[in-house]
>>> print(open('work.txt').read())   # compact mmCIF, C-alpha atoms and all ligand atoms
# COMPACT_ATOMS: atom_id res chain seq x y z
CA MET C 667 -35.94 10.18 18.86
CA THR C 668 -38.14 7.62 20.56
CA GLN C 669 -36.57 4.88 22.57
CA ALA C 670 -38.62 1.77 23.32
CA ALA C 671 -38.22 0.06 26.66
CA ASN C 672 -36.11 -2.69 25.11
CA GLY C 673 -33.75 -0.58 22.98
CA TRP C 674 -33.85 1.68 19.96
CA PRO C 675 -37.20 2.04 18.18
CA VAL C 676 -38.08 -0.38 15.44
CA VAL C 677 -39.24 1.31 12.25
CA ALA C 678 -40.59 -0.32 9.05
CA VAL C 679 -40.82 1.63 5.79
CA THR C 680 -42.74 0.50 2.69
CA GLY C 681 -41.64 1.67 -0.76
CA ALA C 682 -38.14 2.05 0.70
CA GLY C 683 -36.30 0.86 -2.41
CA GLN C 684 -35.84 4.40 -3.69
CA GLY C 685 -36.94 8.02 -3.42
CA ILE C 686 -38.64 9.30 -0.29
CA GLY C 687 -38.87 5.84 1.29
CA ARG C 688 -35.13 5.20 0.98
CA ALA C 689 -34.42 8.66 2.45
CA LEU C 690 -36.77 7.97 5.38
CA ALA C 691 -35.03 4.66 6.07
CA ARG C 692 -31.60 6.36 5.99
CA ALA C 693 -32.75 9.17 8.31
CA PHE C 694 -34.15 6.77 10.93
CA ALA C 695 -31.09 4.50 10.70
CA ARG C 696 -28.84 7.55 11.27
CA GLN C 697 -30.78 8.25 14.48
CA GLY C 698 -30.04 4.73 15.73
CA ALA C 699 -33.40 3.14 14.91
CA ARG C 700 -33.57 -0.49 13.85
CA VAL C 701 -35.04 -0.09 10.39
CA VAL C 702 -36.76 -2.68 8.20
CA VAL C 703 -36.94 -1.74 4.53
CA SER C 704 -39.63 -3.09 2.23
CA ASP C 705 -40.52 -2.67 -1.44
CA ILE C 706 -42.36 -4.53 -4.19
CA ASP C 707 -39.16 -4.34 -6.21
CA ALA C 708 -36.99 -7.09 -4.73
CA ALA C 709 -33.74 -5.74 -6.21
CA SER C 710 -34.12 -2.21 -4.85
CA CYS C 711 -35.33 -3.63 -1.53
CA ALA C 712 -32.15 -5.74 -1.31
CA ALA C 713 -30.00 -2.73 -2.29
CA ALA C 714 -31.59 -0.61 0.47
CA ALA C 715 -31.10 -3.41 3.02
CA ASP C 716 -27.50 -3.78 1.90
CA GLU C 717 -26.83 -0.03 2.17
CA LEU C 718 -28.26 0.15 5.68
CA GLN C 719 -27.00 -3.31 6.72
CA THR C 720 -30.46 -4.27 7.88
CA LEU C 721 -33.43 -6.52 7.17
CA GLY C 722 -35.16 -6.14 3.81
CA VAL C 723 -38.58 -7.70 3.25
CA PRO C 724 -39.93 -7.58 -0.31
CA ALA C 725 -43.68 -6.97 -0.12
CA ASP C 726 -46.52 -5.84 -2.36
CA VAL C 727 -48.68 -3.62 -0.16
CA THR C 728 -51.81 -4.56 -2.11
CA ARG C 729 -51.54 -8.09 -0.69
CA ALA C 730 -52.70 -8.53 2.92
CA GLU C 731 -50.47 -11.58 3.33
CA ASP C 732 -47.38 -9.57 2.30
CA CYS C 733 -48.23 -6.84 4.82
CA ALA C 734 -48.70 -9.43 7.57
CA ALA C 735 -45.38 -11.05 6.60
CA LEU C 736 -43.60 -7.68 6.72
CA VAL C 737 -44.85 -7.08 10.26
CA GLY C 738 -44.21 -10.72 11.28
CA ARG C 739 -40.60 -10.70 10.05
CA THR C 740 -39.98 -7.34 11.71
CA VAL C 741 -41.18 -8.69 15.05
CA GLU C 742 -39.19 -11.92 14.58
CA ALA C 743 -36.04 -9.89 13.99
CA PHE C 744 -36.49 -7.05 16.48
CA GLY C 745 -39.18 -8.09 18.96
CA ARG C 746 -41.72 -5.34 18.20
CA LEU C 747 -42.77 -2.63 15.72
CA ASP C 748 -42.76 0.95 17.01
CA VAL C 749 -43.25 2.99 13.85
CA MET C 750 -44.81 1.91 10.55
CA ILE C 751 -44.35 4.28 7.63
CA CYS C 752 -46.89 3.54 4.89
CA ASN C 753 -44.99 5.27 2.10
CA ALA C 754 -45.38 3.03 -0.98
CA GLY C 755 -47.32 4.73 -3.75
CA ILE C 756 -47.68 5.15 -7.48
CA MET C 757 -48.48 8.00 -9.87
CA GLN C 758 -49.90 8.17 -13.39
CA LEU C 759 -50.68 11.14 -15.63
CA LYS C 760 -53.75 10.62 -17.81
CA PRO C 761 -56.55 13.02 -18.76
CA LEU C 762 -59.83 12.49 -16.90
CA LEU C 763 -61.83 11.37 -19.95
CA GLU C 764 -59.16 8.86 -21.01
CA LEU C 765 -58.93 7.14 -17.64
CA ASP C 766 -60.49 3.70 -17.54
CA ALA C 767 -61.58 1.56 -14.63
CA SER C 768 -58.32 -0.38 -14.59
CA ASP C 769 -56.26 2.86 -14.23
CA TRP C 770 -58.58 3.91 -11.42
CA ASP C 771 -58.48 0.53 -9.66
CA ARG C 772 -54.69 0.23 -9.90
CA MET C 773 -54.15 3.71 -8.44
CA LEU C 774 -56.58 3.25 -5.58
CA GLY C 775 -55.39 -0.34 -5.14
CA VAL C 776 -51.80 0.66 -4.36
CA ASN C 777 -52.27 4.08 -2.78
CA VAL C 778 -55.40 3.45 -0.72
CA THR C 779 -55.90 -0.30 -0.28
CA GLY C 780 -52.13 -0.77 0.12
CA THR C 781 -51.97 1.93 2.78
CA PHE C 782 -55.01 0.48 4.55
CA LEU C 783 -53.61 -3.08 4.58
CA THR C 784 -50.19 -1.94 5.85
CA LEU C 785 -51.80 0.22 8.54
CA GLN C 786 -54.08 -2.62 9.63
CA ALA C 787 -51.25 -5.19 9.87
CA ALA C 788 -49.11 -2.73 11.85
CA ALA C 789 -51.97 -1.76 14.19
CA ARG C 790 -52.73 -5.40 15.04
CA GLN C 791 -49.13 -5.87 16.20
CA MET C 792 -48.91 -2.53 18.02
CA LEU C 793 -52.07 -3.14 20.04
CA ALA C 794 -50.57 -6.42 21.27
CA GLN C 795 -47.26 -4.95 22.46
CA PRO C 796 -46.30 -2.84 25.49
CA PRO C 797 -46.14 0.95 25.12
CA LEU C 798 -43.04 2.74 23.84
CA GLY C 799 -42.56 4.01 27.39
CA GLU C 800 -44.61 4.97 30.42
CA GLY C 801 -47.61 7.09 29.39
CA ARG C 802 -46.68 6.73 25.74
CA PRO C 803 -48.53 5.13 22.79
CA ARG C 804 -47.92 1.49 21.86
CA GLY C 805 -46.92 2.50 18.35
CA LYS C 806 -47.06 5.19 15.71
CA ILE C 807 -48.25 5.01 12.12
CA LEU C 808 -47.27 7.56 9.48
CA LEU C 809 -49.09 7.71 6.14
CA MET C 810 -47.63 9.29 3.01
CA ALA C 811 -50.35 11.50 1.55
CA SER C 812 -49.68 14.59 -0.62
CA ILE C 813 -50.78 18.18 -1.06
CA ALA C 814 -52.37 16.75 -4.23
CA GLY C 815 -55.00 15.28 -1.90
CA ARG C 816 -55.99 18.73 -0.71
CA SER C 817 -56.62 21.03 -3.66
CA GLY C 818 -56.87 21.02 -7.43
CA ALA C 819 -54.46 23.92 -7.97
CA GLY C 820 -52.41 23.91 -11.20
CA PRO C 821 -53.05 22.39 -14.63
CA ILE C 822 -51.53 19.04 -13.62
CA ALA C 823 -54.58 18.45 -11.38
CA ALA C 824 -56.58 17.78 -14.58
CA VAL C 825 -54.44 14.76 -15.46
CA ILE C 826 -54.06 13.14 -12.04
CA PRO C 827 -57.67 12.88 -10.80
CA HIS C 828 -57.23 9.31 -9.57
CA TYR C 829 -53.93 10.15 -7.80
CA ARG C 830 -55.56 13.16 -6.13
CA ALA C 831 -58.57 11.09 -5.05
CA SER C 832 -56.23 8.42 -3.66
CA LYS C 833 -54.29 10.91 -1.53
CA ALA C 834 -57.49 12.55 -0.23
CA ALA C 835 -58.59 9.04 0.78
CA VAL C 836 -55.27 8.48 2.60
CA ILE C 837 -55.84 11.67 4.63
CA SER C 838 -59.37 10.52 5.49
CA LEU C 839 -58.22 6.99 6.36
CA GLY C 840 -55.64 8.48 8.72
CA GLN C 841 -58.37 10.39 10.55
CA SER C 842 -60.62 7.32 10.95
CA ALA C 843 -57.70 5.17 12.07
CA ALA C 844 -56.60 7.82 14.57
CA VAL C 845 -60.05 7.71 16.19
CA ALA C 846 -60.26 3.91 16.07
CA LEU C 847 -56.80 3.36 17.54
CA ALA C 848 -56.54 6.18 20.13
CA PRO C 849 -55.05 6.37 22.66
CA GLN C 850 -52.89 3.31 21.98
CA ILE C 851 -51.61 4.28 18.54
CA THR C 852 -51.14 7.67 16.89
CA VAL C 853 -51.79 8.00 13.16
CA ASN C 854 -50.68 11.06 11.19
CA ALA C 855 -50.34 11.81 7.48
CA ILE C 856 -47.52 13.70 5.77
CA CYS C 857 -48.38 15.85 2.75
CA PRO C 858 -45.23 16.60 0.73
CA GLY C 859 -45.22 19.01 -2.23
CA LEU C 860 -42.72 18.81 -5.05
CA VAL C 861 -40.12 16.23 -4.13
CA GLU C 862 -37.21 15.59 -6.45
CA THR C 863 -37.51 11.82 -7.04
CA ASP C 864 -38.01 9.42 -9.96
CA MET C 865 -41.76 9.88 -9.50
CA TRP C 866 -41.54 13.56 -10.46
CA GLN C 867 -39.13 12.85 -13.32
CA ARG C 868 -41.70 10.43 -14.75
CA MET C 869 -44.46 13.03 -14.25
CA ASP C 870 -42.43 15.64 -16.07
CA ARG C 871 -41.73 13.24 -18.94
CA ASP C 872 -45.42 12.30 -19.23
CA TRP C 873 -46.52 15.94 -19.02
CA THR C 874 -44.10 16.71 -21.88
CA ALA C 875 -45.68 13.94 -23.93
CA LEU C 876 -49.25 15.09 -23.15
CA GLN C 877 -48.72 18.82 -23.69
CA GLY C 878 -45.92 18.90 -26.24
CA ALA C 879 -44.16 21.18 -23.75
CA PRO C 880 -40.36 21.23 -23.51
CA ARG C 881 -38.88 18.63 -21.17
CA GLY C 882 -38.42 20.03 -17.67
CA GLN C 883 -41.00 22.80 -18.13
CA ALA C 884 -43.62 21.36 -15.78
CA TRP C 885 -41.03 20.83 -13.07
CA GLN C 886 -39.46 24.30 -13.47
CA GLN C 887 -42.84 26.05 -13.44
CA ARG C 888 -43.88 24.24 -10.30
CA VAL C 889 -40.55 24.91 -8.54
CA ALA C 890 -40.79 28.62 -9.47
CA ALA C 891 -44.08 28.78 -7.53
CA VAL C 892 -42.58 27.44 -4.29
CA PRO C 893 -42.31 30.28 -1.74
CA MET C 894 -39.23 28.70 -0.18
CA GLY C 895 -37.53 29.05 -3.57
CA ARG C 896 -36.42 25.50 -4.19
CA ALA C 897 -37.70 22.00 -4.84
CA GLN C 898 -38.17 19.70 -1.88
CA THR C 899 -35.66 16.99 -1.07
CA PRO C 900 -36.58 13.58 0.34
CA ALA C 901 -34.57 14.62 3.42
CA ASP C 902 -37.06 17.47 4.04
CA VAL C 903 -39.82 14.86 4.26
CA ALA C 904 -37.68 12.68 6.54
CA ASP C 905 -37.26 15.54 9.04
CA LEU C 906 -41.03 15.74 9.55
CA ALA C 907 -41.28 11.95 9.87
CA LEU C 908 -38.58 11.99 12.58
CA PHE C 909 -40.54 14.60 14.50
CA LEU C 910 -43.86 12.70 14.22
CA ALA C 911 -42.15 9.53 15.43
CA SER C 912 -40.59 11.30 18.41
CA PRO C 913 -42.05 11.76 21.92
CA ALA C 914 -42.48 15.48 21.05
CA ALA C 915 -45.41 14.44 18.82
CA ASP C 916 -47.04 11.91 21.19
CA TYR C 917 -50.08 14.19 21.67
CA MET C 918 -50.65 14.57 17.90
CA THR C 919 -52.98 12.21 16.11
CA GLY C 920 -55.35 12.36 13.14
CA GLN C 921 -53.41 15.23 11.59
CA SER C 922 -52.28 15.72 8.00
CA ILE C 923 -49.36 18.07 7.75
CA ASN C 924 -48.20 19.96 4.68
CA ILE C 925 -44.45 20.05 4.14
CA ASP C 926 -44.11 21.72 0.77
CA GLY C 927 -42.09 24.93 1.02
CA GLY C 928 -45.32 26.94 1.36
CA LEU C 929 -47.03 25.80 -1.87
CA MET C 930 -50.23 25.05 0.01
CA MET C 931 -51.17 27.22 2.95
CA SER C 932 -53.94 26.03 5.24
N1 LIG C 1001 -42.27 12.81 -5.35
C1 LIG C 1001 -43.19 13.67 -4.96
O1 LIG C 1001 -43.19 14.85 -5.38
C2 LIG C 1001 -44.25 13.27 -3.96
C3 LIG C 1001 -45.09 14.30 -3.46
C4 LIG C 1001 -46.09 13.97 -2.54
C5 LIG C 1001 -46.25 12.64 -2.13
N2 LIG C 1001 -45.44 11.68 -2.63
C6 LIG C 1001 -45.67 10.31 -2.16
O2 LIG C 1001 -44.50 9.82 -1.52
C7 LIG C 1001 -44.42 8.39 -1.68
C8 LIG C 1001 -43.06 8.02 -2.26
O3 LIG C 1001 -42.91 8.70 -3.51
P1 LIG C 1001 -41.52 8.79 -4.31
O4 LIG C 1001 -41.48 10.13 -4.96
O5 LIG C 1001 -40.40 8.33 -3.45
O6 LIG C 1001 -41.85 7.71 -5.46
P2 LIG C 1001 -40.92 6.63 -6.19
O7 LIG C 1001 -41.70 6.19 -7.39
O8 LIG C 1001 -39.55 7.16 -6.38
O9 LIG C 1001 -40.87 5.44 -5.12
C9 LIG C 1001 -42.02 4.69 -4.78
C10 LIG C 1001 -41.59 3.32 -4.28
O10 LIG C 1001 -42.79 2.58 -3.97
C11 LIG C 1001 -42.63 1.25 -4.47
N3 LIG C 1001 -43.93 0.63 -4.74
C12 LIG C 1001 -44.79 0.89 -5.76
N4 LIG C 1001 -45.85 0.07 -5.71
C13 LIG C 1001 -45.68 -0.72 -4.61
C14 LIG C 1001 -46.43 -1.77 -4.01
N5 LIG C 1001 -47.59 -2.21 -4.55
N6 LIG C 1001 -45.95 -2.36 -2.88
C15 LIG C 1001 -44.79 -1.94 -2.33
N7 LIG C 1001 -44.01 -0.97 -2.86
C16 LIG C 1001 -44.46 -0.36 -3.99
C17 LIG C 1001 -41.80 1.43 -5.75
O11 LIG C 1001 -41.18 0.20 -6.15
C18 LIG C 1001 -40.82 2.52 -5.33
O12 LIG C 1001 -39.64 1.99 -4.76
C19 LIG C 1001 -45.61 7.99 -2.57
O13 LIG C 1001 -46.69 7.56 -1.75
C20 LIG C 1001 -45.96 9.30 -3.27
O14 LIG C 1001 -47.30 9.35 -3.69
C21 LIG C 1001 -44.45 11.97 -3.54
>>> encode(input="work.txt", output="C-alpha cells")
Amino acid sequence: MTQAANGWPVVAVTGAGQGIGRALARAFARQGARVVVSDIDAASCAAAADELQTLGVPADVTRAEDCAALVGRTVEAFGRLDVMICNAGIMQLKPLLELDASDWDRMLGVNVTGTFLTLQAAARQMLAQPPLGEGRPRGKILLMASIAGRSGAGPIAAVIPHYRASKAAVISLGQSAAVALAPQITVNAICPGLVETDMWQRMDRDWTALQGAPRGQAWQQRVAAVPMGRAQTPADVADLALFLASPAADYMTGQSINIDGGLMMS
C-alpha cells in the first residue's frame, strides 16, 4: 500500500454508497488509507461514512462544482488527495431502436462526463501537491470501465449500446489522460465482468421483462460462462484497485485491465 510523505494515503471514491464503490472504500480503509466516500445518494453516502467512520461528501459527478467540492473537502480534511477512484456509474437496458436522445445523454452524462469531471478535478489538485514519495507520481487516478466497453459478446450487448459506448469512452479517456498527465499522475482503468451488485440485479430484472425469460436466467447463463466458475465479488475488484494504487504499479499508466474471471481474454 502506498504511503504518502505525510502519513497514510488519502483515497476518494465516487459512487461509494453501495456496491463496488462501497467495497473499494472498505478495502482501502482496511489497509489504513484515509478514505473519503462520495455518492449522489446522500443517505447511502452518510451510511458509508458512518460505517467507515470517515468523511462523506455527497456529490453528483455530472456537476463540475460537486467534483471540485469533493476534492476541496478531501484536501481540507486530509491535506492532499493521493488516489481518486472514479467509480460512479449507471446502467440501463433498452433495445437500440427504442433508445432516445435523453437515454443516450443521461448514460453518457454520468458515465463519461461524470468520469471526466471527477478526473479533471482530481488531476488539478494532484499536479499542485508533492509526490507520494521520492521518484513517485503525485497522484493516481483509477477509472471504472467494464468489459462491456471492449466487445459486443452476448445477447445483452444488443440492449445496452449506450452503456457499452460509455465504457469504451472511459477506456479511451483514461489513455488520453495518462498521456496528458504523465509522468506526474498515473491513470488506469479497471474492467470488471459480472459483479454481484444491485446493478446486476436490476439488469436481470429488466432482461426478464424484455425477454419474458425466467427471473435469474440472464445472470445464471452469464455466470455459467465464466471460466473461473463463479460470479465476481466487489472484493475481487477492490484487490486490483489496491494493486494499481500501490508502488508496485507506479510504472503502469494508460492501461485498461480486465478482471472478470476470464470472460474476456485479450
Ligand atoms: N456490477 C457489475 O457487474 C459491473 C461490471 C462492470 C463495471 N461496473 C461499473 O462499476 C461501477 C459501480 O457499479 P455497481 O455495480 O457498484 O453499481 P451500483 O448501481 O450498485 O452503484 C453505483 C453507485 O453510483 C452512484 N451514482 C449513480 N449516479 C451518480 C452520480 N451522478 N454521481 C455520483 N454517484 C452516482 C449510485 O448512487 C450508486 O451508489 C459502475 O461504474 C459500473 O458501470 C459494474
>>> residues_near_ligand(input="work.txt", ligand="ligand LIG 1001 (chain C)", cutoff="6 Å", atoms="all atoms listed in the file", output="ChimeraX atom specification")
/C:680-687,705-707,725-728,753-756,776,810-812,858-866
>>> write_last_selection(input="work.txt", atoms="C-alpha atoms", output="PDB file, keeping the file's coordinate frame")
ATOM      1  CA  THR C 680     -42.740   0.500   2.690  1.00  0.00           C
ATOM      2  CA  GLY C 681     -41.640   1.670  -0.760  1.00  0.00           C
ATOM      3  CA  ALA C 682     -38.140   2.050   0.700  1.00  0.00           C
ATOM      4  CA  GLY C 683     -36.300   0.860  -2.410  1.00  0.00           C
ATOM      5  CA  GLN C 684     -35.840   4.400  -3.690  1.00  0.00           C
ATOM      6  CA  GLY C 685     -36.940   8.020  -3.420  1.00  0.00           C
ATOM      7  CA  ILE C 686     -38.640   9.300  -0.290  1.00  0.00           C
ATOM      8  CA  GLY C 687     -38.870   5.840   1.290  1.00  0.00           C
ATOM      9  CA  ASP C 705     -40.520  -2.670  -1.440  1.00  0.00           C
ATOM     10  CA  ILE C 706     -42.360  -4.530  -4.190  1.00  0.00           C
ATOM     11  CA  ASP C 707     -39.160  -4.340  -6.210  1.00  0.00           C
ATOM     12  CA  ALA C 725     -43.680  -6.970  -0.120  1.00  0.00           C
ATOM     13  CA  ASP C 726     -46.520  -5.840  -2.360  1.00  0.00           C
ATOM     14  CA  VAL C 727     -48.680  -3.620  -0.160  1.00  0.00           C
ATOM     15  CA  THR C 728     -51.810  -4.560  -2.110  1.00  0.00           C
ATOM     16  CA  ASN C 753     -44.990   5.270   2.100  1.00  0.00           C
ATOM     17  CA  ALA C 754     -45.380   3.030  -0.980  1.00  0.00           C
ATOM     18  CA  GLY C 755     -47.320   4.730  -3.750  1.00  0.00           C
ATOM     19  CA  ILE C 756     -47.680   5.150  -7.480  1.00  0.00           C
ATOM     20  CA  VAL C 776     -51.800   0.660  -4.360  1.00  0.00           C
ATOM     21  CA  MET C 810     -47.630   9.290   3.010  1.00  0.00           C
ATOM     22  CA  ALA C 811     -50.350  11.500   1.550  1.00  0.00           C
ATOM     23  CA  SER C 812     -49.680  14.590  -0.620  1.00  0.00           C
ATOM     24  CA  PRO C 858     -45.230  16.600   0.730  1.00  0.00           C
ATOM     25  CA  GLY C 859     -45.220  19.010  -2.230  1.00  0.00           C
ATOM     26  CA  LEU C 860     -42.720  18.810  -5.050  1.00  0.00           C
ATOM     27  CA  VAL C 861     -40.120  16.230  -4.130  1.00  0.00           C
ATOM     28  CA  GLU C 862     -37.210  15.590  -6.450  1.00  0.00           C
ATOM     29  CA  THR C 863     -37.510  11.820  -7.040  1.00  0.00           C
ATOM     30  CA  ASP C 864     -38.010   9.420  -9.960  1.00  0.00           C
ATOM     31  CA  MET C 865     -41.760   9.880  -9.500  1.00  0.00           C
ATOM     32  CA  TRP C 866     -41.540  13.560 -10.460  1.00  0.00           C
TER      33      TRP C 866
END
>>> closest_residue(input="work.txt", among="C:Val825, C:Cys733, C:Ala914, C:Ala819", to="Ala891 (chain C)", atoms="all atoms listed in the file")
C:Ala819
>>> closest_residue(input="work.txt", among="C:Ile923, C:Val703, C:Met894, C:Ala708", to="Ala907 (chain C)", atoms="only C-alpha atoms")
C:Ile923
>>> residues_near_point(input="work.txt", point="(-36.1, 12.9, -21.8)", cutoff="10 Å", atoms="all atoms listed in the file", output="PyMOL selection string")
chain C and resi 867-868+870-872+874-875+880-882
>>> residues_around(input="work.txt", residues="region 767-769 of chain C", least_positions_apart="4", cutoff="9 Å", atoms="only C-alpha atoms", output="ChimeraX atom specification")
/C:758,760,773-774,828
>>> atom_distance(input="work.txt", atom1="CA of Ile822 (chain C)", atom2="CA of Leu765 (chain C)")
14.6 Å
>>> atom_distance(input="work.txt", atom1="CA of Ala714 (chain C)", atom2="CA of Ala904 (chain C)")
15.8 Å
>>> residues_around(input="work.txt", residues="Leu839 (chain C)", least_positions_apart="6", cutoff="10 Å", atoms="only C-alpha atoms", output="JSON, numbers by chain")
{"C": [778, 781, 782, 785, 809, 833, 853, 854, 855, 920]}
>>> closest_residue(input="work.txt", among="C:Asp732, C:Leu793, C:Thr899, C:Leu718", to="Arg696 (chain C)", atoms="only C-alpha atoms")
C:Leu718
>>> residues_around(input="work.txt", residues="Val889 (chain C)", least_positions_apart="3", cutoff="10 Å", atoms="all atoms listed in the file", output="PyMOL selection string")
chain C and resi 859-861+883-886+892-898+927+929
>>> atom_distance(input="work.txt", atom1="CA of Ile751 (chain C)", atom2="CA of Ile856 (chain C)")
10.1 Å
>>> closest_residue(input="work.txt", among="C:Ala831, C:Ala794, C:Ile925, C:Ala678", to="Val903 (chain C)", atoms="all atoms listed in the file")
C:Ile925
>>> closest_residue(input="work.txt", among="C:Ala844, C:Lys806, C:Trp873, C:Ala901", to="Ala915 (chain C)", atoms="all atoms listed in the file")
C:Lys806
>>> closest_residue(input="work.txt", among="C:Pro675, C:Gly722, C:Gly801, C:Pro761", to="Tyr917 (chain C)", atoms="all atoms listed in the file")
C:Gly801
>>> residues_around(input="work.txt", residues="Ala695 (chain C)", least_positions_apart="5", cutoff="10 Å", atoms="all atoms listed in the file", output="short mmCIF file (atom, residue, chain, number, x, y, z; two decimals) with C-alpha atoms, in the frame of the given file")
data_model
loop_
_atom_site.label_atom_id
_atom_site.label_comp_id
_atom_site.auth_asym_id
_atom_site.auth_seq_id
_atom_site.Cartn_x
_atom_site.Cartn_y
_atom_site.Cartn_z
CA PRO C 675 -37.20 2.04 18.18
CA VAL C 676 -38.08 -0.38 15.44
CA VAL C 677 -39.24 1.31 12.25
CA ALA C 689 -34.42 8.66 2.45
CA LEU C 690 -36.77 7.97 5.38
CA ARG C 700 -33.57 -0.49 13.85
CA VAL C 701 -35.04 -0.09 10.39
CA VAL C 702 -36.76 -2.68 8.20
CA LEU C 718 -28.26 0.15 5.68
CA GLN C 719 -27.00 -3.31 6.72
CA THR C 720 -30.46 -4.27 7.88
#
>>> decode(input="work.txt", residues="region 767-810 of chain C", atoms="C-alpha atoms", output="PDB file, in the first residue's frame")
ATOM      1  CA  ALA C 767     -31.582  11.030 -27.088  1.00  0.00           C
ATOM      2  CA  SER C 768     -32.388  11.559 -23.412  1.00  0.00           C
ATOM      3  CA  ASP C 769     -31.454   7.915 -22.571  1.00  0.00           C
ATOM      4  CA  TRP C 770     -28.233   8.395 -24.514  1.00  0.00           C
ATOM      5  CA  ASP C 771     -27.407  11.750 -22.916  1.00  0.00           C
ATOM      6  CA  ARG C 772     -28.123  10.538 -19.381  1.00  0.00           C
ATOM      7  CA  MET C 773     -25.903   7.467 -19.797  1.00  0.00           C
ATOM      8  CA  LEU C 774     -23.001   9.366 -21.316  1.00  0.00           C
ATOM      9  CA  GLY C 775     -23.610  12.249 -18.903  1.00  0.00           C
ATOM     10  CA  VAL C 776     -22.999  10.132 -15.797  1.00  0.00           C
ATOM     11  CA  ASN C 777     -20.573   7.517 -17.097  1.00  0.00           C
ATOM     12  CA  VAL C 778     -18.407   9.675 -19.361  1.00  0.00           C
ATOM     13  CA  THR C 779     -18.879  13.346 -18.438  1.00  0.00           C
ATOM     14  CA  GLY C 780     -19.019  12.415 -14.740  1.00  0.00           C
ATOM     15  CA  THR C 781     -15.798  10.423 -15.004  1.00  0.00           C
ATOM     16  CA  PHE C 782     -14.129  13.244 -16.957  1.00  0.00           C
ATOM     17  CA  LEU C 783     -15.149  15.931 -14.437  1.00  0.00           C
ATOM     18  CA  THR C 784     -14.017  13.846 -11.445  1.00  0.00           C
ATOM     19  CA  LEU C 785     -10.705  13.024 -13.142  1.00  0.00           C
ATOM     20  CA  GLN C 786     -10.124  16.679 -14.043  1.00  0.00           C
ATOM     21  CA  ALA C 787     -10.852  17.974 -10.520  1.00  0.00           C
ATOM     22  CA  ALA C 788      -8.557  15.317  -9.019  1.00  0.00           C
ATOM     23  CA  ALA C 789      -5.750  15.981 -11.525  1.00  0.00           C
ATOM     24  CA  ARG C 790      -5.769  19.726 -10.801  1.00  0.00           C
ATOM     25  CA  GLN C 791      -5.161  19.010  -7.113  1.00  0.00           C
ATOM     26  CA  MET C 792      -2.599  16.258  -7.700  1.00  0.00           C
ATOM     27  CA  LEU C 793      -0.461  18.408 -10.006  1.00  0.00           C
ATOM     28  CA  ALA C 794      -0.274  21.041  -7.262  1.00  0.00           C
ATOM     29  CA  GLN C 795       0.883  18.686  -4.492  1.00  0.00           C
ATOM     30  CA  PRO C 796       4.220  16.998  -3.750  1.00  0.00           C
ATOM     31  CA  PRO C 797       4.802  13.436  -4.981  1.00  0.00           C
ATOM     32  CA  LEU C 798       3.689  10.393  -2.996  1.00  0.00           C
ATOM     33  CA  GLY C 799       7.371   9.750  -2.296  1.00  0.00           C
ATOM     34  CA  GLU C 800      10.751  10.248  -3.928  1.00  0.00           C
ATOM     35  CA  GLY C 801      10.624   9.270  -7.613  1.00  0.00           C
ATOM     36  CA  ARG C 802       6.920   8.532  -7.341  1.00  0.00           C
ATOM     37  CA  PRO C 803       3.874  10.115  -9.057  1.00  0.00           C
ATOM     38  CA  ARG C 804       1.997  12.993  -7.431  1.00  0.00           C
ATOM     39  CA  GLY C 805      -1.231  11.021  -7.539  1.00  0.00           C
ATOM     40  CA  LYS C 806      -3.076   8.128  -9.105  1.00  0.00           C
ATOM     41  CA  ILE C 807      -6.445   8.040 -10.832  1.00  0.00           C
ATOM     42  CA  LEU C 808      -8.447   4.850 -11.324  1.00  0.00           C
ATOM     43  CA  LEU C 809     -11.420   4.758 -13.693  1.00  0.00           C
ATOM     44  CA  MET C 810     -14.198   2.170 -13.506  1.00  0.00           C
TER      45      MET C 810
END
